[in-house]
$ cat my_file_17.cif   # mmCIF, C-alpha atoms
data_entry
loop_
_atom_site.label_atom_id
_atom_site.label_comp_id
_atom_site.auth_asym_id
_atom_site.auth_seq_id
_atom_site.Cartn_x
_atom_site.Cartn_y
_atom_site.Cartn_z
CA MET A 1 130.20 74.39 52.49
CA PRO A 2 132.91 75.77 50.28
CA THR A 3 132.13 79.44 50.36
CA MET A 4 130.48 81.01 53.39
CA THR A 5 129.33 84.47 52.50
CA THR A 6 127.62 86.69 54.99
CA PRO A 7 124.92 88.34 52.92
CA THR A 8 123.61 90.41 55.77
CA GLN A 9 126.85 92.19 56.32
CA THR A 10 127.43 92.88 52.63
CA ASP A 11 123.82 94.06 52.29
CA ARG A 12 124.37 96.43 55.12
CA LEU A 13 127.51 97.79 53.59
CA GLU A 14 125.95 98.25 50.19
CA THR A 15 122.46 99.44 50.99
CA GLY A 16 122.94 101.00 54.40
CA TYR A 17 120.09 98.92 55.90
CA GLU A 18 120.22 98.72 59.67
CA LEU A 19 118.20 95.51 60.07
CA ASP A 20 118.83 92.00 58.94
CA ARG A 21 115.94 89.61 58.70
CA ARG A 22 116.42 88.14 62.18
CA GLU A 23 116.54 91.53 63.84
CA PHE A 24 113.53 92.65 61.83
CA PHE A 25 111.41 89.74 62.95
CA THR A 26 112.63 90.05 66.53
CA LYS A 27 111.65 93.69 66.61
CA LEU A 28 108.36 92.99 64.88
CA GLY A 29 107.62 90.28 67.45
CA LEU A 30 108.59 92.40 70.45
CA GLY A 31 106.70 95.37 69.04
CA SER A 32 103.51 93.39 68.59
CA LEU A 33 103.89 91.93 72.08
CA GLY A 34 104.22 95.47 73.41
CA LEU A 35 101.12 96.55 71.50
CA ALA A 36 99.21 93.52 72.76
CA SER A 37 100.26 94.29 76.36
CA ALA A 38 99.12 97.90 76.02
CA GLY A 39 95.83 96.60 74.62
CA ALA A 40 95.53 94.14 77.51
CA LEU A 41 96.10 96.97 80.01
CA ALA A 42 93.36 99.04 78.38
CA PHE A 43 91.15 95.94 78.27
CA TYR A 44 91.55 95.27 82.03
CA TYR A 45 91.14 98.93 82.92
CA ARG A 46 87.85 98.99 81.04
CA TYR A 47 86.77 95.70 82.57
CA LEU A 48 87.49 96.91 86.12
CA SER A 49 85.54 100.15 85.67
CA PRO A 50 81.86 99.29 86.15
CA SER A 51 79.66 100.41 83.24
CA VAL A 52 76.52 100.53 85.36
CA LEU A 53 76.52 101.67 88.97
CA PHE A 54 73.72 100.78 91.33
CA GLU A 55 74.23 103.95 93.35
CA PRO A 56 71.67 106.54 94.40
CA SER A 57 71.04 109.37 91.94
CA PRO A 58 73.10 112.50 92.60
CA ILE A 59 69.93 114.57 92.26
CA VAL A 60 68.04 114.87 95.54
CA ASN A 61 64.53 116.20 96.09
CA ALA A 62 64.78 117.98 99.44
CA GLY A 63 61.05 118.71 99.68
CA PRO A 64 59.10 121.94 100.02
CA LEU A 65 60.75 125.18 101.12
CA ASP A 66 58.73 125.55 104.32
CA ARG A 67 60.56 122.53 105.69
CA TYR A 68 63.57 124.83 106.17
CA PRO A 69 62.75 127.82 108.39
CA ALA A 70 64.98 130.90 108.30
CA GLY A 71 68.20 130.49 110.25
CA SER A 72 68.14 126.68 110.09
CA VAL A 73 70.84 124.21 109.10
CA THR A 74 69.38 120.80 108.26
CA LEU A 75 71.44 117.66 107.69
CA ASP A 76 69.93 115.05 105.40
CA VAL A 77 71.78 111.93 106.54
CA ASP A 78 70.69 109.76 103.61
CA SER A 79 72.01 112.08 100.93
CA ALA A 80 74.83 113.58 103.08
CA ILE A 81 73.95 117.23 102.35
CA TYR A 82 73.13 120.29 104.46
CA LEU A 83 70.22 122.53 103.52
CA VAL A 84 70.76 126.00 104.91
CA HIS A 85 68.32 128.89 104.99
CA ILE A 86 69.73 132.25 106.07
CA ALA A 87 68.77 135.84 105.37
CA GLU A 88 70.59 135.90 101.99
CA GLY A 89 68.66 132.84 100.77
CA TYR A 90 68.84 129.04 100.50
CA PHE A 91 71.89 126.96 99.69
CA SER A 92 73.13 123.41 100.14
CA LEU A 93 76.50 122.06 101.22
CA SER A 94 78.06 118.65 100.92
CA ALA A 95 78.26 117.06 104.37
CA ILE A 96 81.25 114.93 103.33
CA CYS A 97 84.40 116.21 105.04
CA THR A 98 87.01 117.28 102.50
CA HIS A 99 89.72 115.68 104.60
CA LEU A 100 89.06 111.94 104.31
CA GLY A 101 85.38 111.59 103.53
CA CYS A 102 83.70 111.20 106.91
CA MET A 103 80.19 112.55 107.42
CA THR A 104 80.18 115.83 109.35
CA ALA A 105 77.45 116.99 111.73
CA TRP A 106 75.86 120.38 112.52
CA LYS A 107 76.47 121.44 116.11
CA PRO A 108 73.85 124.10 116.92
CA GLU A 109 75.35 124.81 120.36
CA LEU A 110 78.71 125.68 118.74
CA ASN A 111 77.12 127.21 115.65
CA MET A 112 79.47 125.21 113.46
CA ILE A 113 79.80 122.04 111.40
CA ALA A 114 82.16 119.48 112.94
CA CYS A 115 83.71 116.27 111.67
CA PRO A 116 83.91 113.37 114.18
CA CYS A 117 86.89 111.67 112.54
CA HIS A 118 89.77 114.13 112.72
CA GLY A 119 88.25 117.28 114.21
CA SER A 120 87.78 119.55 111.19
CA ARG A 121 85.35 122.41 111.80
CA PHE A 122 83.46 124.55 109.29
CA ASN A 123 81.07 127.48 109.59
CA ARG A 124 77.58 127.29 108.13
CA GLU A 125 78.83 128.62 104.79
CA GLY A 126 81.23 125.65 104.64
CA GLN A 127 84.38 127.68 105.23
CA LYS A 128 87.02 125.87 107.26
CA LEU A 129 87.55 127.10 110.81
CA ALA A 130 89.93 124.45 112.12
CA GLY A 131 91.34 121.01 111.57
CA PRO A 132 93.07 119.08 108.82
CA ALA A 133 90.48 119.60 106.05
CA PRO A 134 92.29 121.05 103.01
CA LYS A 135 89.24 122.67 101.39
CA PRO A 136 85.92 124.20 102.39
CA LEU A 137 82.76 122.10 102.13
CA PRO A 138 81.64 122.39 98.50
CA TRP A 139 78.46 124.27 97.59
CA LEU A 140 76.09 122.16 95.55
CA LYS A 141 73.87 123.21 92.68
CA THR A 142 70.45 124.03 94.14
CA TRP A 143 67.26 125.05 92.40
CA LEU A 144 63.48 125.05 92.73
CA SER A 145 61.50 122.42 90.87
CA ASP A 146 58.30 123.30 89.00
CA ASP A 147 56.37 122.06 92.03
CA GLY A 148 58.22 124.51 94.26
CA GLU A 149 60.42 121.85 95.88
CA LEU A 150 64.09 122.31 96.69
CA MET A 151 66.33 120.27 94.35
CA VAL A 152 70.04 119.57 94.84
CA ASP A 153 72.51 118.05 92.38
CA ARG A 154 75.31 116.51 94.47
CA SER A 155 77.54 116.00 91.43
CA VAL A 156 77.68 119.72 90.51
CA THR A 157 79.56 122.17 92.73
CA ILE A 158 79.01 125.91 92.41
CA PRO A 159 81.05 128.91 93.60
CA GLN A 160 80.59 129.84 97.25
CA LEU A 161 78.03 132.38 98.38
CA GLN A 162 75.80 131.78 95.37
CA PHE A 163 72.47 131.82 97.18
CA LEU A 164 69.12 130.65 95.92
CA ARG A 165 66.81 133.61 96.48
CA VAL A 166 63.11 132.95 96.50
CA MET B 167 117.76 44.45 119.14
CA PRO B 168 116.05 47.30 117.26
CA SER B 169 112.80 48.66 118.60
CA PRO B 170 109.56 47.50 116.96
CA ILE B 171 108.93 51.00 115.60
CA ALA B 172 112.33 51.10 113.95
CA THR B 173 111.74 47.69 112.45
CA ALA B 174 108.33 48.76 111.13
CA LEU B 175 109.80 51.94 109.67
CA ASP B 176 112.59 49.96 108.11
CA ARG B 177 110.11 47.58 106.54
CA LEU B 178 108.01 50.50 105.31
CA GLU B 179 111.01 52.12 103.68
CA ARG B 180 111.74 48.94 101.82
CA THR B 181 108.27 48.68 100.26
CA ARG B 182 107.89 49.31 96.58
CA VAL B 183 105.38 52.16 97.12
CA TRP B 184 107.72 54.03 99.49
CA ARG B 185 110.64 53.64 97.12
CA SER B 186 108.59 54.85 94.19
CA ILE B 187 107.83 58.08 96.07
CA PHE B 188 111.19 58.64 97.80
CA ARG B 189 113.74 57.53 95.27
CA SER B 190 116.86 58.56 97.14
CA GLY B 191 116.85 55.19 98.89
CA LYS B 192 118.09 54.24 102.31
CA GLY B 193 121.25 55.58 103.79
CA ARG B 194 122.72 58.54 105.59
CA SER B 195 125.65 59.23 103.28
CA THR B 196 126.30 62.72 101.93
CA LEU B 197 125.03 61.55 98.55
CA HIS B 198 121.77 60.30 100.04
CA ASN B 199 121.25 63.50 101.98
CA ALA B 200 121.85 65.51 98.81
CA LEU B 201 119.45 63.34 96.84
CA VAL B 202 116.69 63.88 99.42
CA ILE B 203 116.84 67.61 98.68
CA GLN B 204 117.41 67.35 94.98
CA GLN B 205 114.59 64.88 94.31
CA SER B 206 111.86 66.63 96.28
CA VAL B 207 109.65 68.96 94.29
CA PHE B 208 109.39 71.30 97.29
CA LEU B 209 113.08 71.35 98.20
CA HIS B 210 114.86 70.97 94.87
CA LEU B 211 115.11 74.74 94.37
CA PHE B 212 117.35 74.92 97.40
CA SER B 213 121.03 74.18 97.48
CA VAL B 214 121.67 70.51 98.33
CA LYS B 215 124.17 71.47 101.01
CA VAL B 216 124.00 74.31 103.47
CA ARG B 217 125.69 74.99 106.78
CA LYS B 218 123.42 74.14 109.72
CA ARG B 219 124.34 77.40 111.43
CA MET B 220 123.01 79.30 108.42
CA LEU B 221 119.52 77.85 108.84
CA SER B 222 119.35 78.10 112.60
CA LEU B 223 115.97 79.67 113.26
CA GLY B 224 117.36 81.32 116.36
CA ALA B 225 119.41 83.56 114.08
CA THR B 226 116.28 85.65 113.43
CA TRP B 227 115.22 85.41 117.07
CA TYR B 228 112.51 83.14 115.58
CA LEU B 229 110.71 86.25 114.32
CA GLY B 230 110.73 85.22 110.65
CA THR B 231 109.52 81.73 111.53
CA LEU B 232 106.78 83.10 113.76
CA THR B 233 105.62 85.46 111.01
CA LEU B 234 105.36 82.49 108.66
CA ALA B 235 103.54 80.50 111.35
CA THR B 236 100.93 83.24 111.79
CA PHE B 237 100.54 83.41 108.00
CA LEU B 238 99.86 79.67 107.84
CA LEU B 239 97.39 79.99 110.73
CA LEU B 240 95.65 82.80 108.85
CA VAL B 241 95.39 80.71 105.69
CA VAL B 242 93.86 77.76 107.54
CA THR B 243 91.43 79.79 109.66
CA GLY B 244 90.64 82.08 106.70
CA VAL B 245 89.67 79.19 104.44
CA LEU B 246 87.43 77.83 107.21
CA LEU B 247 85.77 81.25 107.71
CA MET B 248 85.15 81.46 103.94
CA LEU B 249 82.83 78.46 104.22
CA TYR B 250 80.27 80.53 106.16
CA TYR B 251 80.90 84.08 104.91
CA HIS B 252 79.03 85.59 101.93
CA PRO B 253 80.63 88.79 100.58
CA SER B 254 77.26 90.46 99.94
CA VAL B 255 75.70 93.53 101.52
CA PRO B 256 72.64 91.86 103.06
CA GLN B 257 74.55 88.85 104.40
CA ALA B 258 78.10 89.89 105.32
CA TYR B 259 77.33 91.41 108.71
CA THR B 260 74.88 88.71 109.78
CA ASP B 261 77.27 85.98 108.62
CA VAL B 262 79.95 87.35 110.92
CA LYS B 263 77.41 87.49 113.76
CA ASP B 264 76.42 83.88 112.95
CA LEU B 265 80.07 82.87 113.05
CA GLN B 266 80.32 84.36 116.51
CA PHE B 267 77.11 83.15 118.07
CA VAL B 268 75.70 80.24 116.03
CA VAL B 269 78.44 78.29 114.24
CA SER B 270 80.21 75.74 116.45
CA SER B 271 83.77 76.94 117.16
CA GLY B 272 83.09 79.90 114.87
CA LEU B 273 83.96 82.36 117.61
CA PHE B 274 87.24 80.57 118.24
CA LEU B 275 88.21 80.49 114.56
CA ARG B 276 87.27 84.10 113.96
CA ASN B 277 89.22 85.28 116.98
CA LEU B 278 92.17 83.10 116.01
CA HIS B 279 92.09 84.74 112.58
CA ARG B 280 91.84 88.19 114.10
CA TRP B 281 94.61 87.78 116.67
CA SER B 282 96.87 86.03 114.18
CA ALA B 283 96.39 88.98 111.84
CA HIS B 284 97.40 91.44 114.56
CA ALA B 285 100.31 89.21 115.53
CA MET B 286 101.49 88.87 111.93
CA VAL B 287 101.68 92.64 111.46
CA PHE B 288 103.52 93.01 114.77
CA LEU B 289 105.91 90.13 114.03
CA ALA B 290 106.65 91.36 110.50
CA PHE B 291 107.64 94.74 111.94
CA ALA B 292 109.67 93.12 114.73
CA HIS B 293 111.41 90.89 112.18
CA MET B 294 112.31 93.90 110.05
CA PHE B 295 113.58 95.86 113.07
CA ARG B 296 115.83 92.96 113.97
CA VAL B 297 117.11 92.68 110.39
CA PHE B 298 117.69 96.42 110.28
CA TYR B 299 119.48 96.87 113.60
CA ARG B 300 121.59 93.71 113.14
CA GLY B 301 122.63 95.00 109.72
CA ALA B 302 121.37 91.80 108.10
CA TYR B 303 120.05 93.78 105.13
CA ARG B 304 123.58 94.48 103.87
CA PRO B 305 125.07 92.80 100.79
CA PRO B 306 124.71 90.07 99.75
CA ARG B 307 121.25 90.17 101.34
CA GLU B 308 120.06 93.55 100.05
CA PHE B 309 117.65 92.09 97.50
CA ASN B 310 116.05 89.89 100.15
CA TRP B 311 115.44 93.06 102.20
CA VAL B 312 113.55 94.47 99.21
CA VAL B 313 111.52 91.27 98.94
CA GLY B 314 110.83 91.67 102.66
CA VAL B 315 109.55 95.21 102.17
CA VAL B 316 107.17 93.92 99.48
CA LEU B 317 106.01 91.23 101.90
CA LEU B 318 105.41 93.87 104.59
CA LEU B 319 103.27 95.86 102.14
CA ILE B 320 101.31 92.72 101.21
CA THR B 321 100.82 92.01 104.93
CA LEU B 322 99.47 95.51 105.53
CA LEU B 323 97.19 95.31 102.48
CA LEU B 324 95.88 91.92 103.65
CA SER B 325 95.16 93.46 107.03
CA TYR B 326 93.45 96.45 105.46
CA THR B 327 91.30 94.51 102.97
CA GLY B 328 90.20 92.13 105.74
CA TYR B 329 89.05 95.10 107.78
CA LEU B 330 86.08 95.78 105.46
CA LEU B 331 84.70 92.25 105.49
CA PRO B 332 82.76 92.39 108.82
CA TRP B 333 80.75 95.19 107.13
CA ASP B 334 80.08 97.17 110.30
CA GLN B 335 80.41 100.91 110.97
CA LEU B 336 84.08 100.60 111.87
CA ALA B 337 84.81 98.79 108.60
CA TYR B 338 82.72 101.19 106.51
CA TRP B 339 84.39 104.36 107.76
CA ALA B 340 87.87 102.85 107.83
CA ILE B 341 87.59 101.97 104.15
CA THR B 342 85.96 105.33 103.33
CA VAL B 343 88.89 107.11 104.95
CA GLY B 344 91.52 104.71 103.57
CA THR B 345 90.38 104.87 99.98
CA ASN B 346 90.15 108.66 100.26
CA ILE B 347 93.86 108.59 101.09
CA SER B 348 94.46 106.77 97.80
CA SER B 349 92.61 109.54 95.96
CA ALA B 350 95.35 111.95 97.12
CA VAL B 351 97.65 110.42 94.45
CA PRO B 352 98.28 113.16 91.88
CA LEU B 353 96.26 113.02 88.63
CA VAL B 354 95.07 109.39 88.87
CA GLY B 355 94.03 109.35 92.56
CA ASP B 356 90.28 109.50 91.95
CA LYS B 357 90.57 106.79 89.28
CA ILE B 358 92.47 104.52 91.70
CA ARG B 359 89.74 105.00 94.30
CA PHE B 360 87.04 104.32 91.71
CA LEU B 361 88.75 101.10 90.60
CA LEU B 362 89.36 99.97 94.21
CA LEU B 363 85.76 100.55 95.23
CA GLY B 364 84.16 99.69 91.91
CA GLY B 365 82.07 102.84 92.38
CA HIS B 366 82.01 106.21 94.10
CA PHE B 367 81.04 104.94 97.55
CA VAL B 368 81.85 101.96 99.73
CA ASN B 369 79.13 99.60 98.57
CA ALA B 370 78.45 96.09 97.26
CA ASN B 371 81.14 96.31 94.57
CA ALA B 372 83.72 97.48 97.10
CA LEU B 373 82.88 94.60 99.45
CA LEU B 374 83.28 92.06 96.66
CA ARG B 375 86.52 93.59 95.38
CA PHE B 376 88.08 93.70 98.83
CA TYR B 377 86.96 90.10 99.40
CA VAL B 378 88.65 88.89 96.21
CA LEU B 379 91.79 90.89 97.04
CA HIS B 380 91.81 89.55 100.60
CA CYS B 381 91.13 85.90 99.78
CA VAL B 382 92.78 85.35 96.41
CA ILE B 383 95.04 88.01 94.93
CA LEU B 384 96.99 89.13 98.01
CA PRO B 385 97.53 85.67 99.57
CA LEU B 386 98.77 84.29 96.23
CA SER B 387 101.20 87.17 95.83
CA ALA B 388 102.32 86.65 99.43
CA VAL B 389 103.06 82.97 98.74
CA LEU B 390 104.99 83.92 95.59
CA PHE B 391 107.17 86.44 97.40
CA LEU B 392 107.59 84.11 100.41
CA ALA B 393 108.99 81.46 98.07
CA VAL B 394 111.51 83.96 96.68
CA HIS B 395 112.30 85.17 100.22
CA PHE B 396 113.13 81.69 101.55
CA TRP B 397 115.04 80.73 98.41
CA ARG B 398 117.15 83.87 98.67
CA ILE B 399 118.04 83.12 102.30
CA ARG B 400 120.04 80.11 101.16
CA LYS B 401 121.36 81.71 97.98
CA ASP B 402 122.60 84.72 99.97
CA GLY B 403 124.65 82.55 102.30
CA GLY B 404 122.07 81.59 104.89
CA LEU B 405 120.50 83.53 107.70
CA TYR B 406 122.62 86.35 109.00
CA VAL B 407 124.78 85.39 111.97
CA ARG B 408 127.64 87.32 113.41
CA GLU B 409 130.17 84.76 112.14
CA SER B 410 129.21 85.50 108.56
CA GLU B 411 130.55 89.04 108.85
CA PRO B 412 133.80 89.42 106.90
CA GLY B 413 135.54 91.18 109.78
CA ALA B 414 134.61 88.56 112.34
CA ALA B 415 135.78 85.83 110.03
CA GLU B 416 139.17 87.42 109.39
CA ALA B 417 139.65 87.95 113.07
CA ALA B 418 138.97 84.30 113.73
CA GLN B 419 141.33 83.31 110.88
CA THR B 420 138.80 80.92 109.49
CA SER B 421 137.37 80.78 106.03
CA THR B 422 133.91 82.30 106.02
CA THR B 423 130.87 81.56 103.96
CA GLU B 424 131.41 84.62 101.88
CA GLU B 425 134.92 83.63 101.01
CA ARG B 426 133.81 80.14 100.10
CA GLU B 427 131.10 81.54 97.94
CA LYS B 428 133.58 83.45 95.84
CA PRO B 429 134.23 81.56 92.62
#

$ encode --input "my_file_17.cif" --output "structure tokens"
Amino acid sequence: MPTMTTPTQTDRLETGYELDRREFFTKLGLGSLGLASAGALAFYYRYLSPSVLFEPSPIVNAGPLDRYPAGSVTLDVDSAIYLVHIAEGYFSLSAICTHLGCMTAWKPELNMIACPCHGSRFNREGQKLAGPAPKPLPWLKTWLSDDGELMVDRSVTIPQLQFLRV
Amino acid sequence: MPSPIATALDRLERTRVWRSIFRSGKGRSTLHNALVIQQSVFLHLFSVKVRKRMLSLGATWYLGTLTLATFLLLVVTGVLLMLYYHPSVPQAYTDVKDLQFVVSSGLFLRNLHRWSAHAMVFLAFAHMFRVFYRGAYRPPREFNWVVGVVLLLITLLLSYTGYLLPWDQLAYWAITVGTNISSAVPLVGDKIRFLLLGGHFVNANALLRFYVLHCVILPLSAVLFLAVHFWRIRKDGGLYVRESEPGAAEAAQTSTTEEREKP
């Protein structure tokens, strides 16, 4: 080879281009690999999130009103909610402790809700009295069905002290 | 007059089959010893020569070896338990009961698995305490300490995922509480819990996911990191013994491993 010119360097000097062909293809390759990896991450995230869940419906039919006499706190173990009837009206609370998700229980002799796992205590309005729970028990959306039955949506929380008056 | 066993072994080592498998040939020379290491698929990653003192298991008070031994026990007993256990909601609990009361030796294997698991967690901690208080984590071994921390995390995750599989009340609430801890991660906590459980509650999806993590993903990662861990022991100058400390070596006026390692 009599004359070895370096076209890339002269091109750079003349045109001001930053990339030669090798660098361009390297960056193109790495860039597409990066894109493909991001796509793969999204792909696996979607795959690992179930599209259909065979879980009970968040909406619970708690039955007719007369099941809950005034002054009562009733725990429905299957749906993990409390149905409370006091002078101001009806309301429902989640029975899942806001600390680490254990199921709490109503203690009529103490007049409070207590969690067996780490000792959190709440009053019947769900406000925390003691223990490690960071938040009060959430109030759940409660309404009367057309048939006059108490309905609770466990996926919708409402502000505290929003009673259902009948 | 050589013993009959020695003669038989000698004859065996001369057969064509033996020599096709172990190509280093007969002999106890340094070259032969090196070839044994270099030509074995399992050992060839290691250095062909290493000081005996550096591999003395007593240097870790046998804690590292015992941790590995419990891991191997767990693999063997775990694979055997898998032959009777179905990771499904209707069957999981009764399968464990069957293992205890119906399957021959099932009780023994399940308890061996359980006690080995407890022992492995204990031994991993003990091993790390020894490494920490002996200062064996210091350079050039600092990366192997990091590998060890990863192995401790894998050990704890193996322990935790195995906890759900009996599918009793203890398991259910432990996993409810444990996955709620993961939802305390800022911003993505609830998503992590959802992906771990494959739903909003501990249910069939959670059982299956924990089973796959416990039996496939975590053991494979453990083996991968164990391989790196053991390889690094030799690359970092062998197991830590007092004589490998620079100060001790200078005091004794002998050349130490670390000095010899310098290029």

$ interface_residues --input "my_file_17.cif" --of "chain A" --to "chain B" --cutoff "9 Å" --atoms "all atoms listed in the file" --output "ChimeraX atom specification"
/A:45,48-50,53-55,99-102

$ closest_residue --input "my_file_17.cif" --among "A:Ala114, A:Leu161, A:Leu129, A:Ala80" --to "Ile59 (chain A)" --atoms "all atoms listed in the file"
A:Ala80

$ atom_distance --input "my_file_17.cif" --atom1 "CA of Val407 (chain B)" --atom2 "CA of Leu317 (chain B)"
22.1 Å

$ residues_around --input "my_file_17.cif" --residues "region 388-400 of chain B" --least-positions-apart "4" --cutoff "8 Å" --atoms "all atoms listed in the file" --output "list in words"
Leu211, Phe212, Ser213, Val216, Met220, Arg307, Asn310, Val313, Gly314, Val316, Leu317, Ile320, Thr321, Leu384, Gly404 and Leu405 of chain B

$ closest_residue --input "my_file_17.cif" --among "B:Leu175, B:Leu273, B:Val207, B:Leu221" --to "Leu246 (chain B)" --atoms "all atoms listed in the file"
B:Leu273

$ atom_distance --input "my_file_17.cif" --atom1 "CA of Ser120 (chain A)" --atom2 "CA of Pro132 (chain A)"
5.8 Å

$ atom_distance --input "my_file_17.cif" --atom1 "CA of Gln205 (chain B)" --atom2 "CA of Asp176 (chain B)"
20.4 Å

$ closest_residue --input "my_file_17.cif" --among "B:Leu324, B:Met294, B:Leu373, B:Val202" --to "Val255 (chain B)" --atoms "only C-alpha atoms"
B:Leu373

$ closest_residue --input "my_file_17.cif" --among "A:Leu144, A:Cys117, A:Leu93, A:Asn111" --to "Gly71 (chain A)" --atoms "only C-alpha atoms"
A:Asn111

$ residues_around --input "my_file_17.cif" --residues "His284 (chain B)" --least-positions-apart "2" --cutoff "12 Å" --atoms "all atoms listed in the file" --output "list in words"
Thr233, Thr236, Phe237, Leu240, Asn277, Leu278, His279, Arg280, Trp281, Ser282, Met286, Val287, Phe288, Leu289, Ala290, Phe291, Thr321, Leu322, Leu324, Ser325, Tyr326, Gly328 and Tyr329 of chain B

$ write_last_selection --input "my_file_17.cif" --atoms "C-alpha atoms" --output "mmCIF file, in the coordinates of the input"
data_model
loop_
_atom_site.group_PDB
_atom_site.id
_atom_site.type_symbol
_atom_site.label_atom_id
_atom_site.label_comp_id
_atom_site.auth_asym_id
_atom_site.auth_seq_id
_atom_site.Cartn_x
_atom_site.Cartn_y
_atom_site.Cartn_z
ATOM 1 C CA THR B 233 105.620 85.460 111.010
ATOM 2 C CA THR B 236 100.930 83.240 111.790
ATOM 3 C CA PHE B 237 100.540 83.410 108.000
ATOM 4 C CA LEU B 240 95.650 82.800 108.850
ATOM 5 C CA ASN B 277 89.220 85.280 116.980
ATOM 6 C CA LEU B 278 92.170 83.100 116.010
ATOM 7 C CA HIS B 279 92.090 84.740 112.580
ATOM 8 C CA ARG B 280 91.840 88.190 114.100
ATOM 9 C CA TRP B 281 94.610 87.780 116.670
ATOM 10 C CA SER B 282 96.870 86.030 114.180
ATOM 11 C CA MET B 286 101.490 88.870 111.930
ATOM 12 C CA VAL B 287 101.680 92.640 111.460
ATOM 13 C CA PHE B 288 103.520 93.010 114.770
ATOM 14 C CA LEU B 289 105.910 90.130 114.030
ATOM 15 C CA ALA B 290 106.650 91.360 110.500
ATOM 16 C CA PHE B 291 107.640 94.740 111.940
ATOM 17 C CA THR B 321 100.820 92.010 104.930
ATOM 18 C CA LEU B 322 99.470 95.510 105.530
ATOM 19 C CA LEU B 324 95.880 91.920 103.650
ATOM 20 C CA SER B 325 95.160 93.460 107.030
ATOM 21 C CA TYR B 326 93.450 96.450 105.460
ATOM 22 C CA GLY B 328 90.200 92.130 105.740
ATOM 23 C CA TYR B 329 89.050 95.100 107.780
#

$ residues_near_point --input "my_file_17.cif" --point "(76.3, 130.8, 104.8)" --cutoff "12 Å" --atoms "only C-alpha atoms" --output "JSON, numbers by chain"
{"A": [70, 71, 72, 73, 82, 83, 84, 85, 86, 87, 88, 89, 90, 91, 92, 93, 111, 112, 113, 122, 123, 124, 125, 126, 127, 136, 137, 138, 139, 160, 161, 162, 163, 164]}

$ residues_around --input "my_file_17.cif" --residues "Val245 (chain B)" --least-positions-apart "6" --cutoff "12 Å" --atoms "only C-alpha atoms" --output "VMD selection string"
chain B and resid 238 to 239 251 275 to 276 279 380 to 382 385
